[in-house]
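This report refers to the structure that appears directly beneath it.
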Amino acid sequence: MTHPRLPSLNLIRVFETAARRMSFKGAAEELFVSPPAVSHQIKALEDSLGVTLFRRENRKITLTAEGKRYYLHVKRGLDLIDSATLAVRKEKKKRRFLVNTLPNIASLLLFPNIHHFQARFPELNIQIDSDVARIDFDTSEVMVAIRHECGNEPGLTYHPLVRIALTPICSRRYLEQHPGLRKADFTGCRLIKISGDTYQWPRWRAEWDARSDVSDELVVSTVQASIEAVKNDVGVAMGYLPTAYQFMHRDDDLVLPVPKKVTRHGECFLTYRNEDAGDEVIKTFHDWVVGVIADEWTNKKI
(Lines give C-alpha, C1' and ligand atoms only; values in the text may rest on other atoms or scores of the structure.)
Protein backbone atom coordinates (compact mmCIF):
# COMPACT_ATOMS: atom_id res chain seq x y z
CA MET A 1 0.00 0.00 0.00
CA THR A 2 1.48 3.38 -1.01
CA HIS A 3 1.08 6.73 0.75
CA PRO A 4 1.76 9.40 -1.92
CA ARG A 5 1.02 12.26 0.46
CA LEU A 6 3.59 11.24 3.05
CA PRO A 7 6.81 13.25 3.05
CA SER A 8 10.02 11.35 2.55
CA LEU A 9 11.69 9.75 5.55
CA ASN A 10 14.80 11.82 4.80
CA LEU A 11 12.86 15.09 5.26
CA ILE A 12 11.34 13.79 8.49
CA ARG A 13 14.75 12.77 9.83
CA VAL A 14 16.17 16.22 9.03
CA PHE A 15 13.22 17.86 10.82
CA GLU A 16 13.59 15.62 13.88
CA THR A 17 17.30 16.40 14.14
CA ALA A 18 16.82 20.15 13.75
CA ALA A 19 13.95 20.20 16.27
CA ARG A 20 15.88 18.11 18.78
CA ARG A 21 18.98 20.31 18.54
CA MET A 22 17.08 23.55 17.92
CA SER A 23 19.69 24.46 15.35
CA PHE A 24 19.94 24.08 11.60
CA LYS A 25 23.72 24.26 11.96
CA GLY A 26 23.76 21.57 14.64
CA ALA A 27 21.52 19.38 12.49
CA ALA A 28 23.84 19.91 9.53
CA GLU A 29 26.85 18.80 11.59
CA GLU A 30 25.05 15.68 12.82
CA LEU A 31 23.78 14.73 9.37
CA PHE A 32 27.02 15.66 7.54
CA VAL A 33 25.35 18.16 5.22
CA SER A 34 25.51 21.95 4.88
CA PRO A 35 23.25 24.30 6.89
CA PRO A 36 21.64 25.65 3.68
CA ALA A 37 20.78 22.05 2.73
CA VAL A 38 19.02 21.58 6.08
CA SER A 39 17.15 24.86 5.67
CA HIS A 40 16.10 23.88 2.15
CA GLN A 41 14.80 20.47 3.27
CA ILE A 42 12.87 21.96 6.20
CA LYS A 43 11.24 24.42 3.77
CA ALA A 44 10.36 21.53 1.46
CA LEU A 45 8.75 19.67 4.38
CA GLU A 46 6.78 22.75 5.41
CA ASP A 47 5.54 23.22 1.84
CA SER A 48 4.51 19.57 1.73
CA LEU A 49 2.58 19.82 5.01
CA GLY A 50 1.20 23.28 4.40
CA VAL A 51 2.27 24.57 7.82
CA THR A 52 5.17 26.50 9.33
CA LEU A 53 7.22 24.29 11.63
CA PHE A 54 9.93 26.75 12.72
CA ARG A 55 10.07 30.44 13.50
CA ARG A 56 13.28 31.91 12.07
CA GLU A 57 14.51 34.76 14.26
CA ASN A 58 17.93 36.01 13.17
CA ARG A 59 20.23 33.08 13.94
CA LYS A 60 17.80 31.45 16.33
CA ILE A 61 14.97 29.01 15.56
CA THR A 62 12.01 27.90 17.65
CA LEU A 63 9.21 25.45 17.01
CA THR A 64 5.74 26.73 16.24
CA ALA A 65 2.74 25.14 17.96
CA GLU A 66 2.24 22.94 14.88
CA GLY A 67 5.95 22.17 14.87
CA LYS A 68 5.86 21.03 18.52
CA ARG A 69 2.92 18.71 17.92
CA TYR A 70 4.49 17.31 14.76
CA TYR A 71 7.81 16.77 16.53
CA LEU A 72 6.18 14.68 19.28
CA HIS A 73 4.52 12.41 16.71
CA VAL A 74 7.60 12.20 14.51
CA LYS A 75 9.87 11.36 17.44
CA ARG A 76 7.51 8.60 18.56
CA GLY A 77 7.37 7.18 15.04
CA LEU A 78 11.13 7.28 14.52
CA ASP A 79 11.70 5.64 17.91
CA LEU A 80 9.40 2.80 16.84
CA ILE A 81 11.26 2.42 13.55
CA ASP A 82 14.61 2.38 15.38
CA SER A 83 13.33 -0.25 17.83
CA ALA A 84 11.96 -2.42 15.03
CA THR A 85 15.22 -2.14 13.10
CA LEU A 86 17.30 -3.12 16.14
CA ALA A 87 14.99 -6.08 16.82
CA VAL A 88 15.27 -7.32 13.24
CA ARG A 89 19.05 -7.01 13.26
CA LYS A 90 19.26 -8.80 16.60
CA GLU A 91 16.96 -11.57 15.35
CA LYS A 92 19.02 -11.90 12.18
CA LYS A 93 22.08 -12.65 14.28
CA LYS A 94 20.24 -15.62 15.79
CA ARG A 95 20.48 -18.90 13.97
CA ARG A 96 17.08 -20.28 13.00
CA PHE A 97 16.63 -23.89 14.10
CA LEU A 98 13.43 -25.26 12.59
CA VAL A 99 12.18 -28.65 13.80
CA ASN A 100 9.50 -30.58 11.92
CA THR A 101 7.74 -33.29 13.90
CA LEU A 102 4.55 -35.26 14.36
CA PRO A 103 1.83 -33.49 16.41
CA ASN A 104 1.87 -36.21 19.07
CA ILE A 105 5.62 -35.88 19.62
CA ALA A 106 5.43 -32.10 19.58
CA SER A 107 2.77 -31.93 22.29
CA LEU A 108 4.07 -34.75 24.48
CA LEU A 109 7.84 -34.27 24.24
CA LEU A 110 8.97 -31.04 22.63
CA PHE A 111 6.58 -28.36 23.86
CA PRO A 112 6.89 -29.28 27.57
CA ASN A 113 10.67 -29.68 27.48
CA ILE A 114 12.12 -27.52 24.68
CA HIS A 115 13.01 -24.73 27.13
CA HIS A 116 15.73 -26.99 28.55
CA PHE A 117 17.32 -27.34 25.12
CA GLN A 118 16.88 -23.61 24.47
CA ALA A 119 18.80 -22.88 27.67
CA ARG A 120 21.83 -24.66 26.19
CA PHE A 121 21.68 -22.57 23.02
CA PRO A 122 20.20 -19.16 23.91
CA GLU A 123 21.45 -17.79 20.59
CA LEU A 124 19.11 -20.11 18.65
CA ASN A 125 15.77 -19.06 17.27
CA ILE A 126 13.97 -22.39 17.76
CA GLN A 127 10.77 -23.04 15.83
CA ILE A 128 8.67 -26.22 15.95
CA ASP A 129 6.57 -27.16 12.92
CA SER A 130 3.97 -29.78 13.89
CA ASP A 131 2.56 -31.66 10.92
CA VAL A 132 1.69 -35.24 9.96
CA ALA A 133 2.95 -34.62 6.42
CA ARG A 134 6.57 -35.44 5.65
CA ILE A 135 8.47 -32.24 4.98
CA ASP A 136 10.57 -31.88 1.85
CA PHE A 137 14.11 -31.02 2.95
CA ASP A 138 14.98 -29.81 -0.56
CA THR A 139 12.42 -27.01 -0.49
CA SER A 140 12.24 -26.12 3.21
CA GLU A 141 14.40 -24.50 5.88
CA VAL A 142 13.88 -27.40 8.29
CA MET A 143 17.07 -28.41 10.08
CA VAL A 144 15.82 -31.65 11.65
CA ALA A 145 12.65 -33.74 11.47
CA ILE A 146 11.27 -36.49 13.68
CA ARG A 147 9.59 -39.02 11.41
CA HIS A 148 7.64 -42.21 11.75
CA GLU A 149 9.34 -44.79 9.53
CA CYS A 150 12.66 -44.47 7.72
CA GLY A 151 12.75 -43.17 4.16
CA ASN A 152 15.17 -44.02 1.38
CA GLU A 153 16.25 -40.50 0.43
CA PRO A 154 19.98 -40.63 -0.43
CA GLY A 155 20.58 -37.09 0.83
CA LEU A 156 19.20 -37.67 4.32
CA THR A 157 20.57 -39.28 7.47
CA TYR A 158 18.22 -41.24 9.75
CA HIS A 159 18.93 -41.91 13.42
CA PRO A 160 16.57 -44.37 15.21
CA LEU A 161 14.99 -42.86 18.30
CA VAL A 162 12.31 -45.22 19.59
CA ARG A 163 10.28 -48.22 18.46
CA ILE A 164 6.52 -47.75 18.47
CA ALA A 165 4.09 -50.55 19.37
CA LEU A 166 0.34 -50.94 19.77
CA THR A 167 -1.76 -52.29 22.62
CA PRO A 168 -5.22 -51.27 23.90
CA ILE A 169 -5.64 -48.79 26.73
CA CYS A 170 -8.69 -48.04 28.87
CA SER A 171 -9.68 -46.81 32.32
CA ARG A 172 -9.81 -49.07 35.38
CA ARG A 173 -13.55 -48.45 35.66
CA TYR A 174 -14.13 -49.45 32.03
CA LEU A 175 -12.07 -52.60 32.55
CA GLU A 176 -14.18 -53.51 35.58
CA GLN A 177 -17.32 -53.07 33.49
CA HIS A 178 -15.87 -55.12 30.62
CA PRO A 179 -13.69 -57.84 32.21
CA GLY A 180 -13.51 -59.71 28.90
CA LEU A 181 -10.94 -57.14 27.78
CA ARG A 182 -8.34 -59.04 29.82
CA LYS A 183 -8.76 -61.84 27.27
CA ALA A 184 -8.94 -59.51 24.28
CA ASP A 185 -12.70 -59.96 24.08
CA PHE A 186 -14.23 -56.68 22.94
CA THR A 187 -17.84 -57.80 23.04
CA GLY A 188 -20.02 -54.90 24.16
CA CYS A 189 -17.12 -52.42 24.03
CA ARG A 190 -16.83 -49.16 22.12
CA LEU A 191 -13.63 -48.83 20.09
CA ILE A 192 -12.04 -45.40 19.96
CA LYS A 193 -10.25 -44.84 16.67
CA ILE A 194 -8.01 -42.07 15.37
CA SER A 195 -9.03 -40.76 11.95
CA GLY A 196 -5.44 -40.35 10.77
CA ASP A 197 -4.44 -43.93 11.59
CA THR A 198 -7.01 -46.39 10.26
CA TYR A 199 -4.70 -49.42 10.39
CA GLN A 200 -3.98 -49.59 14.11
CA TRP A 201 -7.01 -51.55 15.28
CA PRO A 202 -7.26 -54.02 12.33
CA ARG A 203 -3.52 -54.67 12.55
CA TRP A 204 -3.55 -55.40 16.26
CA ARG A 205 -6.75 -57.47 16.20
CA ALA A 206 -5.49 -59.57 13.28
CA GLU A 207 -2.24 -60.44 15.05
CA TRP A 208 -3.90 -61.38 18.33
CA ASP A 209 -7.02 -62.96 16.85
CA ALA A 210 -9.23 -60.45 18.65
CA ARG A 211 -12.00 -60.58 16.08
CA SER A 212 -15.12 -60.00 18.10
CA ASP A 213 -17.84 -58.24 16.17
CA VAL A 214 -17.70 -54.63 17.36
CA SER A 215 -19.99 -52.13 15.67
CA ASP A 216 -19.88 -49.37 18.31
CA GLU A 217 -17.09 -46.94 17.44
CA LEU A 218 -15.99 -43.40 18.18
CA VAL A 219 -13.60 -41.65 15.77
CA VAL A 220 -11.44 -38.77 17.05
CA SER A 221 -8.75 -36.70 15.39
CA THR A 222 -5.75 -37.00 17.74
CA VAL A 223 -4.07 -39.34 20.19
CA GLN A 224 -4.72 -36.85 22.99
CA ALA A 225 -8.44 -36.82 22.14
CA SER A 226 -8.56 -40.61 22.28
CA ILE A 227 -6.95 -40.57 25.73
CA GLU A 228 -9.43 -37.98 26.96
CA ALA A 229 -12.25 -40.20 25.75
CA VAL A 230 -10.71 -43.14 27.62
CA LYS A 231 -10.45 -41.08 30.81
CA ASN A 232 -14.16 -40.38 30.56
CA ASP A 233 -14.97 -44.10 30.26
CA VAL A 234 -16.20 -43.66 26.69
CA GLY A 235 -14.49 -46.82 25.46
CA VAL A 236 -11.17 -48.51 24.79
CA ALA A 237 -8.54 -46.86 22.59
CA MET A 238 -5.44 -48.18 20.90
CA GLY A 239 -2.44 -47.09 22.91
CA TYR A 240 0.88 -46.27 21.32
CA LEU A 241 3.83 -47.57 23.28
CA PRO A 242 5.91 -46.12 24.75
CA THR A 243 3.94 -42.84 24.50
CA ALA A 244 1.03 -44.39 26.45
CA TYR A 245 3.32 -44.68 29.49
CA GLN A 246 3.48 -40.90 29.70
CA PHE A 247 -0.31 -40.69 29.92
CA MET A 248 -0.33 -43.46 32.52
CA HIS A 249 2.26 -41.66 34.66
CA ARG A 250 -0.02 -38.63 34.75
CA ASP A 251 -3.23 -40.56 35.42
CA ASP A 252 -3.18 -43.71 37.53
CA ASP A 253 -6.67 -44.61 36.30
CA LEU A 254 -5.32 -45.59 32.86
CA VAL A 255 -4.39 -49.25 32.35
CA LEU A 256 -3.35 -51.70 29.64
CA PRO A 257 -5.88 -54.57 29.75
CA VAL A 258 -3.67 -56.97 27.76
CA PRO A 259 -0.12 -55.65 28.26
CA LYS A 260 1.52 -58.76 26.79
CA LYS A 261 -0.34 -58.48 23.49
CA VAL A 262 1.78 -55.87 21.72
CA THR A 263 2.05 -55.25 17.97
CA ARG A 264 4.98 -53.46 16.38
CA HIS A 265 4.00 -50.24 14.67
CA GLY A 266 7.21 -48.90 13.20
CA GLU A 267 9.91 -46.66 14.59
CA CYS A 268 10.61 -42.94 14.99
CA PHE A 269 13.77 -41.43 13.54
CA LEU A 270 15.60 -38.14 13.76
CA THR A 271 16.30 -36.98 10.22
CA TYR A 272 18.59 -34.32 8.77
CA ARG A 273 20.59 -33.55 5.64
CA ASN A 274 23.81 -35.51 5.15
CA GLU A 275 25.85 -32.33 4.86
CA ASP A 276 24.73 -31.33 8.37
CA ALA A 277 26.06 -34.51 9.96
CA GLY A 278 28.82 -32.61 11.75
CA ASP A 279 26.61 -29.82 13.06
CA GLU A 280 27.12 -29.55 16.82
CA VAL A 281 23.62 -28.24 17.50
CA ILE A 282 22.03 -31.16 15.65
CA LYS A 283 24.22 -33.65 17.53
CA THR A 284 23.22 -32.09 20.83
CA PHE A 285 19.55 -32.01 19.82
CA HIS A 286 19.70 -35.73 19.00
CA ASP A 287 21.20 -36.58 22.37
CA TRP A 288 18.70 -34.32 24.13
CA VAL A 289 15.68 -35.93 22.39
CA VAL A 290 16.97 -39.41 23.25
CA GLY A 291 17.26 -38.33 26.90
CA VAL A 292 13.75 -36.84 26.97
CA ILE A 293 12.28 -40.01 25.44
CA ALA A 294 14.07 -42.17 28.00
CA ASP A 295 12.74 -40.00 30.82
CA GLU A 296 9.17 -39.42 29.64
CA TRP A 297 8.33 -42.65 27.81
CA THR A 298 9.48 -45.22 30.33
CA ASN A 299 7.38 -47.91 32.02
CA LYS A 300 9.62 -47.96 35.11
CA LYS A 301 7.45 -45.41 36.91
CA ILE A 302 4.29 -47.52 36.55
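For the C-alpha coordinates, the naming scheme is as follows: chains receive sequential letters (A, B, ...) according to their order of presentation, residues are indexed from 1 within each chain, and ligands are indexed from 1 in presentation order.
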Distance query A:Lys25 at most 8 Å, only C-alpha atoms, self and fewer than 3 positions along chain excluded, as an MDAnalysis selection string:
chainID A and resid 28:29 34:35 38
File of the preceding selection, N, CA and C atoms, as a PDB file, in the first residue's frame:
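Listed below is the output, part-v3.pdb:
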ATOM      1  N   ALA A  28      22.948  20.113  10.677  1.00  0.00           N
ATOM      2  CA  ALA A  28      23.835  19.905   9.532  1.00  0.00           C
ATOM      3  C   ALA A  28      25.089  19.150   9.945  1.00  0.00           C
ATOM      4  N   GLU A  29      25.644  19.487  11.108  1.00  0.00           N
ATOM      5  CA  GLU A  29      26.849  18.800  11.587  1.00  0.00           C
ATOM      6  C   GLU A  29      26.549  17.326  11.881  1.00  0.00           C
ATOM      7  N   SER A  34      25.319  20.514   4.632  1.00  0.00           N
ATOM      8  CA  SER A  34      25.512  21.946   4.881  1.00  0.00           C
ATOM      9  C   SER A  34      24.268  22.544   5.523  1.00  0.00           C
ATOM     10  N   PRO A  35      24.420  23.641   6.308  1.00  0.00           N
ATOM     11  CA  PRO A  35      23.254  24.300   6.894  1.00  0.00           C
ATOM     12  C   PRO A  35      22.220  24.736   5.855  1.00  0.00           C
ATOM     13  N   VAL A  38      20.012  21.851   5.044  1.00  0.00           N
ATOM     14  CA  VAL A  38      19.023  21.583   6.084  1.00  0.00           C
ATOM     15  C   VAL A  38      17.861  22.554   5.968  1.00  0.00           C
TER      16      VAL A  38
END
Please list as an MDAnalysis selection string every residue within 6 Å of A:Ala165, counting only C-alpha atoms and excluding residues in the same chain fewer than 6 positions away.
chainID A and resid 240:241 263:265
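Residues surrounding A:Pro122 within 10 Å are Lys94, Arg95, His115 and Phe117 of chain A [only C-alpha atoms; sequence separation below 5 positions excluded].
Summary of the local environment: counting only C-alpha atoms, residues at most 10 Å from A:Asn10, other than itself and those fewer than 6 positions away along its chain, are Glu16, Gln41 and Leu45 of chain A.
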Selection above as a file: C-alpha atoms, as an mmCIF file, in the first residue's frame:
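Saved to again-v6.cif:
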data_model
loop_
_atom_site.group_PDB
_atom_site.id
_atom_site.type_symbol
_atom_site.label_atom_id
_atom_site.label_comp_id
_atom_site.auth_asym_id
_atom_site.auth_seq_id
_atom_site.Cartn_x
_atom_site.Cartn_y
_atom_site.Cartn_z
ATOM 1 C CA GLU A 16 13.595 15.619 13.882
ATOM 2 C CA GLN A 41 14.800 20.469 3.275
ATOM 3 C CA LEU A 45 8.745 19.673 4.377
#
Please run DSSP on the backbone and report, as JSON, numbers by chain, all residues within stretch 62-193 of chain A that come out as strand (DSSP E or B).
{"A": [62, 63, 95, 96, 97, 98, 99, 100, 101, 124, 125, 126, 127, 128, 129, 130, 144, 145, 146, 147, 148, 156, 157, 158, 159, 160, 161, 162, 163, 164, 165, 166, 167, 168, 169, 170, 171, 191, 192, 193]}
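Look at stretch 134-150 of chain A: the protein and nucleic acid residues within 6 Å of it, using only C-alpha atoms and passing over chain neighbours fewer than 5 places away, are Leu98, Val99, Asn100, Thr101, Gly266, Glu267, Cys268, Phe269, Leu270, Thr271 and Tyr272 of chain A.
When atom CA of A:Arg5 is paired with atom CA of A:Ser48, their separation reads 8.2 Å.
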Need to verify the contact set: A:Leu256, 9 Å, only C-alpha atoms, exclusion of same-chain residues closer than 3 positions in sequence. Can you return it as a PDB file with N, CA and C atoms, in the first residue's frame?
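The result, written out as part-v3.pdb:
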ATOM      1  N   THR A 167      -1.012 -51.437  21.702  1.00  0.00           N
ATOM      2  CA  THR A 167      -1.762 -52.288  22.621  1.00  0.00           C
ATOM      3  C   THR A 167      -2.902 -51.459  23.189  1.00  0.00           C
ATOM      4  N   PRO A 168      -4.062 -52.052  23.426  1.00  0.00           N
ATOM      5  CA  PRO A 168      -5.216 -51.275  23.900  1.00  0.00           C
ATOM      6  C   PRO A 168      -4.959 -50.607  25.249  1.00  0.00           C
ATOM      7  N   ILE A 169      -5.702 -49.521  25.467  1.00  0.00           N
ATOM      8  CA  ILE A 169      -5.640 -48.789  26.727  1.00  0.00           C
ATOM      9  C   ILE A 169      -7.058 -48.361  27.108  1.00  0.00           C
ATOM     10  N   CYS A 170      -7.362 -48.440  28.401  1.00  0.00           N
ATOM     11  CA  CYS A 170      -8.691 -48.039  28.874  1.00  0.00           C
ATOM     12  C   CYS A 170      -8.566 -47.590  30.323  1.00  0.00           C
ATOM     13  N   SER A 171      -9.681 -47.206  30.917  1.00  0.00           N
ATOM     14  CA  SER A 171      -9.683 -46.815  32.321  1.00  0.00           C
ATOM     15  C   SER A 171      -9.947 -48.047  33.189  1.00  0.00           C
ATOM     16  N   ARG A 182      -9.587 -58.394  29.377  1.00  0.00           N
ATOM     17  CA  ARG A 182      -8.342 -59.039  29.817  1.00  0.00           C
ATOM     18  C   ARG A 182      -7.987 -60.228  28.922  1.00  0.00           C
ATOM     19  N   GLY A 239      -3.547 -47.846  22.345  1.00  0.00           N
ATOM     20  CA  GLY A 239      -2.444 -47.090  22.907  1.00  0.00           C
ATOM     21  C   GLY A 239      -1.174 -47.289  22.114  1.00  0.00           C
ATOM     22  N   PRO A 259      -1.456 -56.226  28.469  1.00  0.00           N
ATOM     23  CA  PRO A 259      -0.118 -55.646  28.264  1.00  0.00           C
ATOM     24  C   PRO A 259       0.865 -56.544  27.522  1.00  0.00           C
TER      25      PRO A 259
END
Can you tell me, as an MDAnalysis selection string, what residues are no more than 10 Å from A:Lys193 when counting only C-alpha atoms, ignoring any on the same chain fewer than 4 positions away?
chainID A and resid 197:201 217:223 225:226 235:238
DSSP on the backbone, then: every residue of stretch 159-197 of chain A marked alpha helix (DSSP H), written as a PyMOL selection string.
chain A and resi 172-177
Include all heavy atoms and write out the residues we just selected as a PDB file, in the first residue's frame.
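Just written: selection26.pdb:
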ATOM      1  N   ARG A 172      -9.566 -47.958  34.456  1.00  0.00           N
ATOM      2  CA  ARG A 172      -9.812 -49.070  35.378  1.00  0.00           C
ATOM      3  C   ARG A 172     -11.315 -49.340  35.511  1.00  0.00           C
ATOM      4  O   ARG A 172     -11.739 -50.487  35.591  1.00  0.00           O
ATOM      5  CB  ARG A 172      -9.210 -48.752  36.750  1.00  0.00           C
ATOM      6  CG  ARG A 172      -7.692 -48.635  36.749  1.00  0.00           C
ATOM      7  CD  ARG A 172      -7.155 -48.387  38.142  1.00  0.00           C
ATOM      8  NE  ARG A 172      -5.731 -48.096  38.093  1.00  0.00           N
ATOM      9  CZ  ARG A 172      -4.767 -49.033  38.048  1.00  0.00           C
ATOM     10  NH1 ARG A 172      -5.114 -50.320  38.051  1.00  0.00           N
ATOM     11  NH2 ARG A 172      -3.497 -48.686  38.002  1.00  0.00           N
ATOM     12  N   ARG A 173     -12.098 -48.281  35.542  1.00  0.00           N
ATOM     13  CA  ARG A 173     -13.549 -48.454  35.657  1.00  0.00           C
ATOM     14  C   ARG A 173     -14.111 -49.174  34.437  1.00  0.00           C
ATOM     15  O   ARG A 173     -14.969 -50.061  34.570  1.00  0.00           O
ATOM     16  CB  ARG A 173     -14.219 -47.081  35.816  1.00  0.00           C
ATOM     17  CG  ARG A 173     -13.945 -46.386  37.133  1.00  0.00           C
ATOM     18  CD  ARG A 173     -14.677 -45.072  37.230  1.00  0.00           C
ATOM     19  NE  ARG A 173     -14.242 -44.132  36.191  1.00  0.00           N
ATOM     20  CZ  ARG A 173     -13.185 -43.343  36.295  1.00  0.00           C
ATOM     21  NH1 ARG A 173     -12.443 -43.389  37.398  1.00  0.00           N
ATOM     22  NH2 ARG A 173     -12.859 -42.516  35.326  1.00  0.00           N
ATOM     23  N   TYR A 174     -13.622 -48.810  33.249  1.00  0.00           N
ATOM     24  CA  TYR A 174     -14.126 -49.450  32.027  1.00  0.00           C
ATOM     25  C   TYR A 174     -13.727 -50.927  32.005  1.00  0.00           C
ATOM     26  O   TYR A 174     -14.498 -51.782  31.557  1.00  0.00           O
ATOM     27  CB  TYR A 174     -13.579 -48.729  30.793  1.00  0.00           C
ATOM     28  CG  TYR A 174     -14.364 -49.002  29.531  1.00  0.00           C
ATOM     29  CD1 TYR A 174     -15.528 -48.303  29.243  1.00  0.00           C
ATOM     30  CD2 TYR A 174     -13.936 -49.973  28.620  1.00  0.00           C
ATOM     31  CE1 TYR A 174     -16.257 -48.558  28.089  1.00  0.00           C
ATOM     32  CE2 TYR A 174     -14.657 -50.236  27.467  1.00  0.00           C
ATOM     33  CZ  TYR A 174     -15.817 -49.517  27.209  1.00  0.00           C
ATOM     34  OH  TYR A 174     -16.545 -49.778  26.068  1.00  0.00           O
ATOM     35  N   LEU A 175     -12.533 -51.219  32.496  1.00  0.00           N
ATOM     36  CA  LEU A 175     -12.074 -52.601  32.545  1.00  0.00           C
ATOM     37  C   LEU A 175     -12.924 -53.422  33.515  1.00  0.00           C
ATOM     38  O   LEU A 175     -13.241 -54.597  33.252  1.00  0.00           O
ATOM     39  CB  LEU A 175     -10.602 -52.652  32.960  1.00  0.00           C
ATOM     40  CG  LEU A 175      -9.941 -54.024  32.994  1.00  0.00           C
ATOM     41  CD1 LEU A 175     -10.039 -54.717  31.640  1.00  0.00           C
ATOM     42  CD2 LEU A 175      -8.472 -53.900  33.423  1.00  0.00           C
ATOM     43  N   GLU A 176     -13.315 -52.814  34.631  1.00  0.00           N
ATOM     44  CA  GLU A 176     -14.184 -53.514  35.583  1.00  0.00           C
ATOM     45  C   GLU A 176     -15.552 -53.814  34.970  1.00  0.00           C
ATOM     46  O   GLU A 176     -16.139 -54.858  35.220  1.00  0.00           O
ATOM     47  CB  GLU A 176     -14.348 -52.656  36.844  1.00  0.00           C
ATOM     48  CG  GLU A 176     -13.079 -52.553  37.682  1.00  0.00           C
ATOM     49  CD  GLU A 176     -13.238 -51.566  38.828  1.00  0.00           C
ATOM     50  OE1 GLU A 176     -14.351 -50.989  38.965  1.00  0.00           O
ATOM     51  OE2 GLU A 176     -12.257 -51.366  39.573  1.00  0.00           O
ATOM     52  N   GLN A 177     -16.024 -52.888  34.141  1.00  0.00           N
ATOM     53  CA  GLN A 177     -17.318 -53.068  33.492  1.00  0.00           C
ATOM     54  C   GLN A 177     -17.251 -54.051  32.321  1.00  0.00           C
ATOM     55  O   GLN A 177     -18.268 -54.629  31.941  1.00  0.00           O
ATOM     56  CB  GLN A 177     -17.836 -51.713  32.994  1.00  0.00           C
ATOM     57  CG  GLN A 177     -18.114 -50.712  34.105  1.00  0.00           C
ATOM     58  CD  GLN A 177     -18.309 -49.304  33.575  1.00  0.00           C
ATOM     59  OE1 GLN A 177     -18.348 -49.080  32.366  1.00  0.00           O
ATOM     60  NE2 GLN A 177     -18.435 -48.347  34.488  1.00  0.00           N
TER      61      GLN A 177
END
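Nearest-residue note for A:Asp129: choosing from A:Leu102, A:Ala84, A:Ile114, A:Ala206, the minimum distance belongs to A:Leu102, counting only C-alpha atoms.
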Could you check which of A:Lys183, A:Lys300, A:Val234, A:Ala19 is closest to A:Leu72, using only C-alpha atoms?
A:Ala19
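Of the residues listed (A:Thr62, A:Thr187, A:Asn299, A:Asn125), A:Asn299 shows the shortest atom-to-atom separation from A:Pro242; distances use only C-alpha atoms.
Going from atom CA of A:Asp252 over to atom CA of A:Ala294, you cover 19.8 Å.
With only C-alpha atoms as the basis for measurement, A:Met22 is the residue among A:Ala44, A:Leu80, A:Met22, A:Val230 that approaches A:Arg59 most closely.
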Calculated over only C-alpha atoms, which of the candidates A:Asp279, A:Thr85, A:Ser39, A:Ala27 has the smallest distance to A:Phe97?
A:Asp279
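In this structure, atom CA of A:Leu109 sits 10.5 Å away from atom CA of A:Val290.
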